[in-house]
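Undergrad: Input file: input-v7.cif. Contents: mmCIF, C-alpha atoms and all ligand atoms.
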```
data_coords
loop_
_atom_site.label_atom_id
_atom_site.label_comp_id
_atom_site.auth_asym_id
_atom_site.auth_seq_id
_atom_site.Cartn_x
_atom_site.Cartn_y
_atom_site.Cartn_z
CA MET L 1 1.14 -32.20 -13.50
CA THR L 2 -1.00 -29.92 -11.39
CA THR L 3 -4.37 -28.40 -12.10
CA THR L 4 -4.93 -24.66 -11.89
CA GLU L 5 -8.03 -22.53 -12.25
CA THR L 6 -7.25 -22.17 -15.95
CA GLY L 7 -6.53 -25.86 -16.50
CA ALA L 8 -3.50 -28.14 -16.62
CA LEU L 9 -0.06 -26.77 -15.76
CA LEU L 10 3.03 -28.70 -16.80
CA ASP L 11 6.43 -28.29 -15.24
CA LEU L 12 9.37 -28.11 -17.64
CA ALA L 13 11.38 -30.08 -15.09
CA ASP L 14 9.01 -33.01 -15.69
CA LEU L 15 9.46 -33.02 -19.46
CA HIS L 16 12.20 -34.71 -21.48
CA ASP L 17 15.78 -33.63 -20.67
CA SER L 18 16.38 -32.42 -24.23
CA LEU L 19 13.92 -29.56 -23.65
CA ARG L 20 16.14 -28.11 -20.91
CA HIS L 21 19.36 -28.56 -22.87
CA PRO L 22 21.13 -25.34 -24.01
CA LEU L 23 20.75 -26.65 -27.59
CA ALA L 24 16.98 -26.09 -27.51
CA GLU L 25 17.50 -22.53 -26.28
CA SER L 26 20.20 -21.84 -28.85
CA MET L 27 17.88 -22.82 -31.70
CA ASP L 28 15.18 -20.49 -30.32
CA PHE L 29 17.72 -17.71 -29.96
CA LEU L 30 19.11 -18.04 -33.51
CA ASN L 31 15.64 -18.19 -35.08
CA GLY L 32 14.54 -15.24 -32.92
CA VAL L 33 17.42 -13.02 -34.08
CA ALA L 34 16.69 -13.80 -37.74
CA LEU L 35 13.00 -12.93 -37.22
CA ARG L 36 13.74 -9.68 -35.38
CA TYR L 37 16.00 -8.35 -38.15
CA PRO L 38 14.37 -9.36 -41.44
CA ASP L 39 16.36 -6.66 -43.29
CA ALA L 40 19.70 -8.11 -42.14
CA ILE L 41 21.94 -9.94 -44.62
CA SER L 42 22.22 -13.50 -43.40
CA PHE L 43 25.37 -15.59 -43.52
CA ALA L 44 23.59 -17.68 -40.86
CA ALA L 45 21.02 -19.97 -42.45
CA GLY L 46 22.28 -23.11 -44.21
CA ARG L 47 19.44 -23.06 -46.72
CA PRO L 48 19.86 -23.86 -50.40
CA THR L 49 19.43 -20.99 -52.85
CA GLU L 50 15.79 -20.10 -53.54
CA ARG L 51 16.56 -18.66 -56.95
CA PHE L 52 15.53 -21.72 -58.95
CA LEU L 53 12.70 -23.10 -56.79
CA ASP L 54 9.63 -23.31 -59.01
CA LEU L 55 6.22 -24.83 -58.25
CA ALA L 56 5.70 -25.63 -61.94
CA ASP L 57 8.82 -27.84 -61.85
CA VAL L 58 7.45 -29.66 -58.81
CA GLN L 59 4.15 -30.32 -60.58
CA HIS L 60 6.03 -31.52 -63.66
CA HIS L 61 8.16 -33.87 -61.54
CA ILE L 62 5.11 -35.31 -59.76
CA ASP L 63 3.49 -35.93 -63.18
CA LEU L 64 6.66 -37.59 -64.45
CA PHE L 65 6.79 -39.90 -61.45
CA HIS L 66 3.08 -40.68 -61.85
CA ARG L 67 3.66 -41.67 -65.50
CA HIS L 68 6.60 -43.79 -64.36
CA VAL L 69 4.39 -45.66 -61.89
CA VAL L 70 1.65 -46.10 -64.51
CA ALA L 71 4.26 -47.69 -66.81
CA ARG L 72 5.63 -49.84 -63.97
CA THR L 73 2.14 -51.14 -63.14
CA GLY L 74 1.46 -52.03 -66.78
CA GLY L 75 -0.81 -49.05 -67.40
CA ASP L 76 -2.88 -49.32 -64.21
CA VAL L 77 -3.73 -45.65 -63.59
CA ALA L 78 -5.88 -46.43 -60.54
CA ALA L 79 -2.98 -48.28 -58.89
CA ALA L 80 -0.62 -45.40 -59.70
CA ASN L 81 -3.08 -42.88 -58.23
CA GLN L 82 -3.31 -44.98 -55.11
CA GLU L 83 0.48 -45.16 -54.79
CA LEU L 84 0.72 -41.37 -54.83
CA LEU L 85 -2.39 -40.51 -52.80
CA GLN L 86 -2.83 -43.26 -50.24
CA TYR L 87 -0.82 -44.33 -47.19
CA GLY L 88 2.05 -46.43 -48.50
CA ARG L 89 5.08 -48.68 -48.10
CA THR L 90 6.91 -47.80 -44.88
CA LYS L 91 10.42 -47.92 -46.38
CA GLY L 92 9.31 -45.70 -49.27
CA ILE L 93 8.26 -45.83 -52.91
CA ILE L 94 11.31 -44.26 -54.61
CA HIS L 95 13.95 -46.60 -53.10
CA ASP L 96 14.85 -48.02 -56.53
CA LEU L 97 15.30 -44.50 -57.94
CA VAL L 98 17.41 -43.49 -54.93
CA ALA L 99 19.62 -46.53 -55.58
CA ARG L 100 20.09 -45.42 -59.21
CA ASN L 101 20.88 -41.89 -58.02
CA LEU L 102 23.57 -43.21 -55.67
CA ALA L 103 25.08 -45.38 -58.41
CA THR L 104 25.14 -42.42 -60.82
CA ASP L 105 26.45 -39.68 -58.54
CA GLU L 106 28.36 -41.48 -55.79
CA ASN L 107 29.49 -44.83 -57.17
CA ILE L 108 27.50 -46.44 -54.34
CA HIS L 109 25.79 -49.65 -55.42
CA ALA L 110 23.02 -50.27 -52.91
CA ASP L 111 20.33 -52.92 -52.91
CA PRO L 112 17.05 -50.90 -53.04
CA GLU L 113 15.79 -53.08 -50.17
CA SER L 114 18.56 -51.63 -47.97
CA ILE L 115 17.21 -48.10 -48.45
CA VAL L 116 14.67 -46.45 -46.16
CA VAL L 117 13.17 -43.23 -47.50
CA THR L 118 12.64 -40.85 -44.58
CA VAL L 119 11.23 -37.46 -43.63
CA GLY L 120 14.52 -35.67 -44.25
CA CYS L 121 17.92 -36.93 -43.29
CA GLN L 122 16.97 -35.88 -39.77
CA GLU L 123 14.52 -38.75 -39.40
CA ALA L 124 17.05 -41.21 -40.84
CA LEU L 125 19.58 -40.09 -38.27
CA PHE L 126 17.13 -40.38 -35.39
CA LEU L 127 15.99 -43.85 -36.48
CA CYS L 128 19.61 -45.05 -36.59
CA LEU L 129 20.43 -43.68 -33.15
CA ARG L 130 17.18 -44.96 -31.65
CA ALA L 131 17.92 -48.44 -33.04
CA LEU L 132 21.56 -48.50 -31.93
CA ARG L 133 21.03 -47.18 -28.40
CA ARG L 134 19.75 -49.97 -26.20
CA THR L 135 21.25 -49.16 -22.80
CA ASP L 136 23.09 -46.28 -21.09
CA ARG L 137 26.36 -47.91 -22.13
CA ASP L 138 25.68 -47.33 -25.83
CA VAL L 139 27.34 -44.11 -26.98
CA LEU L 140 27.90 -42.15 -30.16
CA LEU L 141 31.17 -40.57 -31.26
CA ALA L 142 30.97 -37.32 -33.22
CA VAL L 143 33.48 -34.81 -34.51
CA ARG L 144 33.47 -31.62 -32.48
CA PRO L 145 32.31 -29.08 -33.70
CA CYS L 146 29.24 -31.04 -34.80
CA TYR L 147 26.06 -30.37 -36.78
CA VAL L 148 23.48 -29.55 -34.09
CA GLY L 149 20.84 -31.76 -35.71
CA ALA L 150 23.02 -34.76 -34.90
CA THR L 151 23.61 -33.86 -31.26
CA GLY L 152 19.93 -32.97 -30.99
CA ALA L 153 18.85 -36.35 -32.41
CA ALA L 154 21.20 -38.11 -29.98
CA GLN L 155 19.54 -36.28 -27.09
CA LEU L 156 16.09 -37.34 -28.28
CA ALA L 157 17.40 -40.91 -28.41
CA ASP L 158 18.91 -40.51 -24.90
CA MET L 159 22.31 -41.37 -26.34
CA ALA L 160 25.49 -39.81 -24.94
CA VAL L 161 27.85 -38.20 -27.47
CA LEU L 162 31.62 -38.46 -27.01
CA PRO L 163 33.42 -35.67 -28.85
CA VAL L 164 36.33 -36.36 -31.21
CA ALA L 165 38.64 -33.44 -32.06
CA ALA L 166 38.52 -32.24 -35.66
CA GLY L 167 42.27 -31.53 -35.95
CA ASP L 168 43.70 -30.37 -39.28
CA ASP L 169 42.17 -33.16 -41.36
CA GLY L 170 38.54 -32.98 -40.22
CA VAL L 171 39.00 -35.95 -37.84
CA ASP L 172 41.93 -36.21 -35.43
CA LEU L 173 42.61 -39.95 -35.66
CA ASP L 174 44.81 -39.92 -32.55
CA ASP L 175 42.01 -38.36 -30.55
CA LEU L 176 39.58 -40.90 -32.01
CA THR L 177 41.84 -43.72 -30.81
CA ARG L 178 42.05 -42.07 -27.38
CA GLN L 179 38.25 -41.77 -27.16
CA LEU L 180 37.80 -45.41 -28.14
CA ALA L 181 40.28 -46.49 -25.45
CA ALA L 182 38.65 -44.24 -22.83
CA ALA L 183 35.20 -45.62 -23.67
CA GLU L 184 36.50 -49.15 -23.23
CA VAL L 185 37.95 -48.31 -19.80
CA THR L 186 34.65 -46.82 -18.60
CA GLY L 187 32.62 -49.72 -19.96
CA GLN L 188 30.88 -47.70 -22.66
CA ARG L 189 30.04 -49.35 -25.96
CA VAL L 190 30.75 -47.17 -28.99
CA ARG L 191 27.97 -48.04 -31.43
CA ALA L 192 28.75 -45.52 -34.14
CA PHE L 193 30.79 -42.53 -35.24
CA TYR L 194 28.73 -39.75 -36.85
CA LEU L 195 30.53 -37.58 -39.38
CA VAL L 196 30.13 -35.41 -42.46
CA ALA L 197 33.08 -36.36 -44.70
CA ASP L 198 32.41 -33.83 -47.48
CA PHE L 199 32.14 -30.04 -46.98
CA ALA L 200 31.03 -30.49 -43.39
CA ASN L 201 28.51 -28.45 -41.50
CA PRO L 202 29.76 -26.31 -39.71
CA THR L 203 33.41 -26.20 -40.83
CA GLY L 204 33.26 -26.83 -44.59
CA SER L 205 36.18 -29.26 -44.29
CA SER L 206 36.49 -32.55 -46.21
CA LEU L 207 38.35 -35.68 -45.15
CA PRO L 208 41.44 -36.74 -47.12
CA LEU L 209 41.15 -40.15 -48.77
CA ALA L 210 43.74 -41.71 -46.45
CA VAL L 211 41.69 -40.66 -43.40
CA ARG L 212 38.60 -42.27 -44.93
CA HIS L 213 40.45 -45.56 -45.37
CA ARG L 214 41.77 -45.35 -41.81
CA LEU L 215 38.27 -44.72 -40.42
CA LEU L 216 36.94 -47.82 -42.18
CA ALA L 217 39.81 -49.85 -40.73
CA LEU L 218 39.21 -48.49 -37.21
CA ALA L 219 35.48 -49.22 -37.46
CA GLU L 220 36.32 -52.81 -38.35
CA GLU L 221 38.96 -53.12 -35.64
CA HIS L 222 36.79 -51.68 -32.85
CA ASP L 223 33.45 -52.97 -34.15
CA PHE L 224 31.43 -49.80 -34.61
CA LEU L 225 29.46 -48.29 -37.49
CA LEU L 226 30.20 -45.09 -39.38
CA LEU L 227 27.17 -42.85 -39.87
CA GLU L 228 28.15 -40.92 -42.99
CA ASP L 229 25.93 -37.87 -43.44
CA ASN L 230 26.38 -36.39 -46.92
CA PRO L 231 24.03 -33.52 -47.79
CA TYR L 232 26.68 -31.37 -49.52
CA GLY L 233 28.83 -33.88 -51.44
CA VAL L 234 27.60 -32.83 -54.90
CA PHE L 235 28.53 -29.21 -54.27
CA GLY L 236 32.26 -29.40 -54.94
CA ALA L 237 33.53 -26.01 -56.11
CA GLY L 238 36.33 -27.41 -58.26
CA ASP L 239 36.17 -29.33 -61.53
CA GLU L 240 37.81 -32.44 -60.10
CA PRO L 241 35.52 -35.07 -58.52
CA PRO L 242 35.46 -35.10 -54.70
CA PRO L 243 37.14 -37.97 -52.80
CA ALA L 244 35.20 -41.22 -52.74
CA THR L 245 32.45 -41.41 -50.11
CA LEU L 246 33.07 -43.74 -47.19
CA LYS L 247 30.11 -45.84 -48.35
CA SER L 248 31.60 -46.33 -51.82
CA LEU L 249 34.81 -47.58 -50.15
CA ASP L 250 32.96 -49.76 -47.65
CA ARG L 251 33.62 -53.47 -48.16
CA GLY L 252 32.53 -54.64 -44.69
CA ARG L 253 29.10 -52.97 -44.41
CA ARG L 254 30.50 -50.67 -41.76
CA VAL L 255 28.88 -47.51 -43.15
CA VAL L 256 25.28 -46.42 -42.79
CA TYR L 257 24.91 -43.72 -45.43
CA LEU L 258 22.54 -40.87 -44.59
CA GLY L 259 21.22 -38.87 -47.53
CA SER L 260 19.24 -35.67 -47.82
CA TYR L 261 17.32 -34.30 -50.81
CA GLY L 262 16.90 -31.06 -48.83
CA LYS L 263 19.76 -29.27 -50.58
CA THR L 264 19.84 -31.14 -53.90
CA GLY L 265 16.20 -32.01 -54.56
CA LEU L 266 13.58 -29.78 -52.95
CA PRO L 267 13.90 -28.46 -49.38
CA GLY L 268 10.12 -28.23 -48.88
CA ALA L 269 9.60 -31.88 -49.78
CA ARG L 270 11.49 -32.99 -46.63
CA VAL L 271 12.81 -36.20 -48.15
CA GLY L 272 15.97 -38.01 -47.09
CA PHE L 273 17.04 -41.62 -46.72
CA ALA L 274 19.34 -44.12 -45.06
CA VAL L 275 21.26 -46.90 -46.76
CA ALA L 276 21.44 -49.52 -43.99
CA ASP L 277 22.64 -52.76 -45.59
CA GLN L 278 23.98 -54.28 -42.35
CA PRO L 279 22.63 -57.76 -41.61
CA VAL L 280 20.86 -58.12 -38.26
CA ARG L 281 20.68 -61.54 -36.59
CA THR L 282 17.14 -62.27 -35.45
CA ALA L 283 15.94 -64.37 -32.53
CA ASP L 284 15.05 -67.32 -34.79
CA GLY L 285 18.61 -67.47 -36.16
CA GLY L 286 17.75 -65.75 -39.43
CA THR L 287 18.97 -62.40 -40.68
CA GLU L 288 17.24 -59.23 -41.76
CA LEU L 289 18.62 -55.88 -42.86
CA LEU L 290 19.15 -52.97 -40.49
CA ALA L 291 16.97 -51.10 -43.01
CA ASP L 292 14.07 -53.38 -42.04
CA GLN L 293 14.57 -52.54 -38.37
CA LEU L 294 14.67 -48.82 -39.19
CA GLY L 295 11.46 -49.34 -41.18
CA ARG L 296 9.86 -50.89 -38.10
CA LEU L 297 10.80 -47.88 -35.99
CA LYS L 298 9.60 -45.55 -38.73
CA SER L 299 6.20 -47.26 -38.75
CA MET L 300 5.87 -46.10 -35.14
CA LEU L 301 7.09 -42.55 -35.82
CA THR L 302 6.03 -41.11 -39.19
CA VAL L 303 4.38 -44.26 -40.65
CA ASN L 304 5.59 -43.47 -44.15
CA THR L 305 7.20 -40.53 -45.91
CA SER L 306 4.64 -38.48 -47.85
CA PRO L 307 4.27 -40.20 -51.23
CA LEU L 308 3.62 -36.82 -52.92
CA ALA L 309 6.90 -35.52 -51.52
CA GLN L 310 8.64 -38.68 -52.71
CA ALA L 311 7.01 -38.24 -56.13
CA ALA L 312 8.45 -34.71 -56.41
CA ILE L 313 11.94 -36.10 -55.75
CA GLY L 314 11.46 -39.27 -57.80
CA GLY L 315 10.30 -37.20 -60.78
CA LYS L 316 13.30 -34.90 -60.46
CA LEU L 317 15.60 -37.95 -60.50
CA LEU L 318 13.80 -39.33 -63.58
CA ALA L 319 14.05 -35.95 -65.32
CA ASN L 320 17.80 -35.76 -64.76
CA ASP L 321 19.00 -39.26 -65.64
CA PHE L 322 19.29 -39.93 -61.88
CA SER L 323 22.04 -37.34 -61.46
CA LEU L 324 21.62 -34.57 -58.93
CA ARG L 325 25.02 -33.23 -59.94
CA GLN L 326 23.44 -32.63 -63.34
CA ALA L 327 20.16 -31.32 -61.85
CA ASN L 328 22.10 -28.77 -59.79
CA VAL L 329 24.37 -27.25 -62.42
CA ARG L 330 22.92 -23.75 -61.81
CA GLU L 331 22.89 -24.12 -58.02
CA ARG L 332 26.46 -25.43 -57.99
CA GLY L 333 27.46 -22.34 -59.96
CA VAL L 334 25.85 -20.08 -57.34
CA TYR L 335 27.58 -21.83 -54.43
CA ARG L 336 30.94 -21.95 -56.20
CA ASP L 337 30.77 -18.25 -57.18
CA ASN L 338 29.60 -17.20 -53.72
CA MET L 339 32.34 -19.21 -51.98
CA ARG L 340 34.98 -17.65 -54.25
CA ARG L 341 33.49 -14.18 -53.75
CA VAL L 342 33.44 -14.58 -49.96
CA LEU L 343 37.03 -15.87 -49.84
CA ALA L 344 38.30 -13.08 -52.13
CA GLY L 345 36.18 -10.48 -50.30
CA LEU L 346 37.55 -11.50 -46.92
CA ALA L 347 41.12 -11.26 -48.25
CA GLU L 348 40.38 -7.70 -49.51
CA ARG L 349 38.86 -6.60 -46.22
CA PHE L 350 41.36 -8.40 -43.97
CA PRO L 351 44.61 -8.34 -45.97
CA PRO L 352 47.20 -10.97 -45.11
CA GLY L 353 49.84 -9.63 -42.74
CA GLY L 354 47.50 -6.99 -41.23
CA ASP L 355 47.10 -6.66 -37.45
CA HIS L 356 43.38 -7.53 -37.52
CA GLY L 357 43.90 -11.07 -36.16
CA VAL L 358 41.21 -12.44 -38.50
CA THR L 359 41.70 -15.76 -40.33
CA TRP L 360 39.45 -18.22 -42.13
CA ASN L 361 39.55 -21.60 -43.85
CA SER L 362 39.04 -22.15 -47.60
CA PRO L 363 36.63 -25.07 -48.17
CA ALA L 364 36.72 -26.76 -51.57
CA GLY L 365 32.93 -26.69 -51.81
CA GLY L 366 29.68 -26.79 -49.88
CA PHE L 367 27.87 -24.02 -48.04
CA PHE L 368 30.06 -23.18 -45.03
CA LEU L 369 33.34 -21.70 -43.87
CA VAL L 370 34.65 -20.60 -40.48
CA LEU L 371 35.98 -17.13 -39.69
CA LYS L 372 38.27 -16.81 -36.66
CA VAL L 373 38.26 -13.47 -34.86
CA PRO L 374 40.19 -12.16 -31.85
CA PHE L 375 37.12 -11.78 -29.60
CA ALA L 376 34.38 -14.00 -28.21
CA ALA L 377 31.84 -14.33 -31.03
CA ASP L 378 29.01 -15.24 -28.69
CA ASP L 379 25.25 -14.69 -28.78
CA ALA L 380 25.59 -11.15 -27.41
CA ALA L 381 28.05 -10.35 -30.23
CA LEU L 382 25.58 -11.75 -32.78
CA ALA L 383 22.77 -9.65 -31.31
CA GLU L 384 24.95 -6.56 -31.61
CA SER L 385 26.02 -7.48 -35.14
CA ALA L 386 22.35 -7.80 -36.11
CA ARG L 387 21.24 -4.62 -34.34
CA THR L 388 23.99 -2.22 -35.31
CA HIS L 389 25.30 -3.69 -38.57
CA ARG L 390 22.37 -5.71 -39.93
CA VAL L 391 24.45 -8.79 -40.65
CA LEU L 392 23.84 -12.30 -39.28
CA TRP L 393 26.16 -15.28 -38.81
CA THR L 394 26.20 -18.29 -36.48
CA PRO L 395 28.31 -18.30 -33.30
CA MET L 396 30.39 -21.48 -33.47
CA HIS L 397 29.88 -22.30 -29.79
CA HIS L 398 26.48 -23.70 -30.76
CA PHE L 399 28.33 -26.49 -32.60
CA TYR L 400 30.84 -27.15 -29.81
CA GLY L 401 27.96 -28.04 -27.53
CA ASP L 402 29.35 -26.75 -24.22
CA GLY L 403 28.08 -23.17 -24.51
CA VAL L 404 31.58 -21.74 -23.98
CA PRO L 405 32.00 -18.76 -26.35
CA VAL L 406 34.78 -19.04 -28.93
CA GLY L 407 36.22 -16.54 -31.39
CA GLU L 408 34.74 -18.35 -34.37
CA LEU L 409 31.83 -17.58 -36.70
CA ARG L 410 30.19 -19.96 -39.16
CA LEU L 411 29.44 -18.23 -42.45
CA SER L 412 27.02 -19.76 -44.93
CA VAL L 413 27.29 -18.66 -48.57
CA SER L 414 24.37 -20.57 -50.04
CA ASN L 415 21.36 -18.27 -50.17
CA LEU L 416 22.81 -14.88 -51.11
CA THR L 417 23.12 -12.90 -54.33
CA ALA L 418 26.51 -11.54 -55.42
CA GLY L 419 25.42 -8.06 -54.30
CA GLU L 420 24.30 -9.35 -50.91
CA VAL L 421 27.66 -11.08 -50.44
CA GLU L 422 29.53 -7.81 -51.05
CA THR L 423 27.26 -5.68 -48.84
CA GLY L 424 27.18 -8.41 -46.21
CA LEU L 425 30.98 -8.59 -46.12
CA ASP L 426 31.20 -4.78 -45.78
CA ARG L 427 28.85 -4.97 -42.81
CA LEU L 428 30.64 -7.95 -41.32
CA ALA L 429 34.04 -6.24 -41.65
CA ALA L 430 32.63 -3.09 -40.01
CA PHE L 431 31.26 -5.18 -37.15
CA VAL L 432 34.54 -7.08 -36.63
CA ARG L 433 36.54 -3.82 -36.69
CA SER L 434 34.15 -2.25 -34.15
CA ARG L 435 35.25 -5.01 -31.79
C1 LIG H 1 25.08 -32.12 -41.93
C2 LIG H 1 23.60 -32.08 -42.11
N1 LIG H 1 22.90 -33.20 -42.00
C3 LIG H 1 21.57 -33.21 -42.16
C4 LIG H 1 20.88 -32.04 -42.43
C5 LIG H 1 19.37 -32.07 -42.50
O1 LIG H 1 18.92 -32.75 -43.58
P1 LIG H 1 17.35 -32.81 -43.84
O2 LIG H 1 16.91 -31.42 -44.17
O3 LIG H 1 17.23 -33.74 -45.01
O4 LIG H 1 16.69 -33.33 -42.62
C6 LIG H 1 21.57 -30.85 -42.55
C7 LIG H 1 20.82 -29.61 -42.80
O5 LIG H 1 21.19 -28.53 -42.52
C8 LIG H 1 22.96 -30.87 -42.39
O6 LIG H 1 23.69 -29.75 -42.48
#
```
Produce C-alpha cells that represent the structure in this file.
TA:
Amino acid sequence: MTTTETGALLDLADLHDSLRHPLAESMDFLNGVALRYPDAISFAAGRPTERFLDLADVQHHIDLFHRHVVARTGGDVAAANQELLQYGRTKGIIHDLVARNLATDENIHADPESIVVTVGCQEALFLCLRALRRTDRDVLLAVRPCYVGATGAAQLADMAVLPVAAGDDGVDLDDLTRQLAAAEVTGQRVRAFYLVADFANPTGSSLPLAVRHRLLALAEEHDFLLLEDNPYGVFGAGDEPPPATLKSLDRGRRVVYLGSYGKTGLPGARVGFAVADQPVRTADGGTELLADQLGRLKSMLTVNTSPLAQAAIGGKLLANDFSLRQANVRERGVYRDNMRRVLAGLAERFPPGGDHGVTWNSPAGGFFLVLKVPFAADDAALAESARTHRVLWTPMHHFYGDGVPVGELRLSVSNLTAGEVETGLDRLAAFVRSR
C-alpha cells in the first residue's frame, strides 16, 4: 500500500487472486448489461418467479415459527423472543425443521445435529471447501460447465478445480476416472466432487439413477466426498418423482448435501444449509461431525444465520407440513409451463430440418436449458442482443471457466410471464437470424 495526497492507494495486484480472475469481471459484465437495458426481456437471471412473493406471508410465517418456539419452550414467550431477536446458535435454530423437510420431500433422514443452517447455499459451499482444503495438493472436481458460484467459492478457498466433462449423461464417468488417475499421478488429493444432480445450473440436465450409483461407488473406491448441490430438485416438470438424490442413496456418508431455500423458500431470506454427517477423528481420539467443524468455521465468518430469516423459512415449513413441493405448487406450475412454452416456441421458430443450425436440450424440470447456435455467443454478442433486440441470455463460456467463447447460450425460464416468453423468443430468434 502506498499513501497519496488523497489517502491510501491499494494495488489490485496486491489483493486476493480471485479479484483478478476473469470470473469476477464476468459477473460485473453480466450485471452491468442487465442494468443498462432494464426494458430488455431477460432469459439471463436464474431468479425464482416474483409473482407470489408477499410480505404478509413472510410476517405470517415468522409469527408461526414464533408460536412454535413458544410451544417448544413450554410457553416461555421471553425465551422465544430472545431466540428470534438475539444472536443465536451457530449451526442454526431450524435444523430440526430442515431435517423434517428433507425426510418429507427427499427421503433423506438426517440427524438434525448434522445440519448447519447457513447464509444461503453459497456459504455452505464455501465452508465445505474451506474445511476440506488444507494444502495446495487438495483439489476439487467439478462438472464442466459448472455453476459459477462453485468455482468462485473454490477460488476464495484457494482450492484448484479439476474439470470433469459433462458428456451425454451429465457426468462423463470415463473422464471422471481419467481425472482421478491424473490427479494421483501428479500427487494431488481429490477431496470432493461438486455436482448438481437434478436440473443442473447451467445445463438443466439430470443424472440417470445408474450414474448416481456409480458416483457413490467411485467416491468410496477413491476416498472422496460428493458435494451434492440441489436447489432445483423440487421443480420437476413431469408428474413422476425425480430420481433419488445421491444423499438418499448414500450408505457410506460419502455425500455432503447442500441445500438452498433461495428458490423454494424465500430468496430474500438468504437461507441454505449443509447436511454434513461425516465423522471427523479428533486429536484426542474421539469423533465429531463434519457439521461441527463447519459450525466452527461459520462462527468465524457469519457467526450465525439471521434468526429472523430462519424464522421466515421455519414458519413456511410449518405451514406446509414440511413439504416445499407442496408449498411451491403455483411456482412449479409457472416453471413447468414456461419450460414447455420455451421448448415449443423454439421448435416453431427453428423448425427441425431447417438450415438454421440451432439446437437445444429439453430438461425435465428446473430453470435452465442450453441453446446451441452456429456462432460464438460471447459477451460482445450478448451486448449486441441487448442493444439491438432487447433480449438477454447468459453466454455459456462463463460456466466453462476458460473465457473461450462457445456457440452456446444459457436460457432461464423462471422469472417470465407467458407473454414475455413469447416476445422474448421472437426477439431471440431475430437476433440469432441476424447472425
Ligand atoms: C447450483 C446452484 N447452487 C447454489 C445456488 C445459490 O444458492 P443460495 O442462493 O442459497 O446461496 C444457486 C443459485 O443460483 C445455484 O444455481
Undergrad: So, counting only C-alpha atoms and all ligand atoms, which residue among L:Ala274, L:Val69, L:Leu215, L:Ala56 is closest to ligand LIG 1 (chain H)?
TA: L:Ala274
Undergrad: Any idea what the distance is between CA of His397 (chain L) and CA of Pro145 (chain L)?
TA: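 Rounded to one decimal, the two atoms are 8.2 Å apart.
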Undergrad: Using all atoms listed in the file, pick whichever of L:Leu425, L:Phe43, L:Met159, L:Phe193 has the shortest atom-to-atom distance to Arg341 (chain L).
TA: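 Going through L:Leu425, L:Phe43, L:Met159, L:Phe193 one by one, the smallest distance to Arg341 (chain L) is for L:Leu425.
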Undergrad: Find the nearest atom pair between each residue of chain L and ligand LIG 1 (chain H) for residues within 10 Å, count only C-alpha atoms and all ligand atoms, give distances in Å to one decimal, sort rows by chain and ascending number, and present the table as CSV.
TA:
```
residue,atom,partner,partner_atom,distance
L:Ala45,CA,H:LIG1,O5,8.6
L:Gly46,CA,H:LIG1,O5,5.8
L:Arg47,CA,H:LIG1,O5,7.1
L:Pro48,CA,H:LIG1,O5,9.3
L:Thr118,CA,H:LIG1,O3,8.5
L:Val119,CA,H:LIG1,O4,6.9
L:Gly120,CA,H:LIG1,O3,3.4
L:Cys121,CA,H:LIG1,O3,3.7
L:Gln122,CA,H:LIG1,O4,3.8
L:Glu123,CA,H:LIG1,O4,6.7
L:Ala124,CA,H:LIG1,O4,8.1
L:Leu125,CA,H:LIG1,C3,8.2
L:Cys146,CA,H:LIG1,C1,8.3
L:Tyr147,CA,H:LIG1,C1,5.5
L:Val148,CA,H:LIG1,O6,8.4
L:Gly149,CA,H:LIG1,C3,6.7
L:Ala150,CA,H:LIG1,N1,7.3
L:Tyr194,CA,H:LIG1,C1,9.9
L:Leu195,CA,H:LIG1,C1,8.1
L:Val196,CA,H:LIG1,C1,6.1
L:Ala197,CA,H:LIG1,C1,9.5
L:Asp198,CA,H:LIG1,C1,9.4
L:Phe199,CA,H:LIG1,C1,8.9
L:Ala200,CA,H:LIG1,C1,6.3
L:Asn201,CA,H:LIG1,C1,5.0
L:Pro202,CA,H:LIG1,O6,7.5
L:Glu228,CA,H:LIG1,C1,9.4
L:Asp229,CA,H:LIG1,N1,5.8
L:Asn230,CA,H:LIG1,C1,6.7
L:Pro231,CA,H:LIG1,C2,5.9
L:Tyr232,CA,H:LIG1,C1,7.8
L:Leu258,CA,H:LIG1,C3,8.1
L:Gly259,CA,H:LIG1,O3,7.0
L:Ser260,CA,H:LIG1,O3,4.0
L:Tyr261,CA,H:LIG1,O3,5.8
L:Gly262,CA,H:LIG1,O2,4.7
L:Lys263,CA,H:LIG1,O2,7.3
L:Thr264,CA,H:LIG1,O3,9.6
L:Gly265,CA,H:LIG1,O3,9.8
L:Leu266,CA,H:LIG1,O2,9.5
L:Pro267,CA,H:LIG1,O2,6.7
L:Gly268,CA,H:LIG1,O2,8.9
L:Ala269,CA,H:LIG1,O3,9.2
L:Arg270,CA,H:LIG1,O3,6.0
L:Val271,CA,H:LIG1,O3,6.0
L:Gly272,CA,H:LIG1,O3,4.9
L:Phe273,CA,H:LIG1,O3,8.1
L:Gly366,CA,H:LIG1,O6,10.0
L:Phe367,CA,H:LIG1,O6,9.0
L:Phe368,CA,H:LIG1,O6,9.5
```
Undergrad: Give, as AutoDock Vina command-line options, the centre coordinates and the x, y and z edge lengths in Å to one decimal for an axis-aligned box around all listed atoms of region 187-201 of chain L, padded by 5 Å on each side.
TA:
```
--center_x 30.5 --center_y -39.1 --center_z -33.7 --size_x 15.1 --size_y 31.3 --size_z 37.5
```
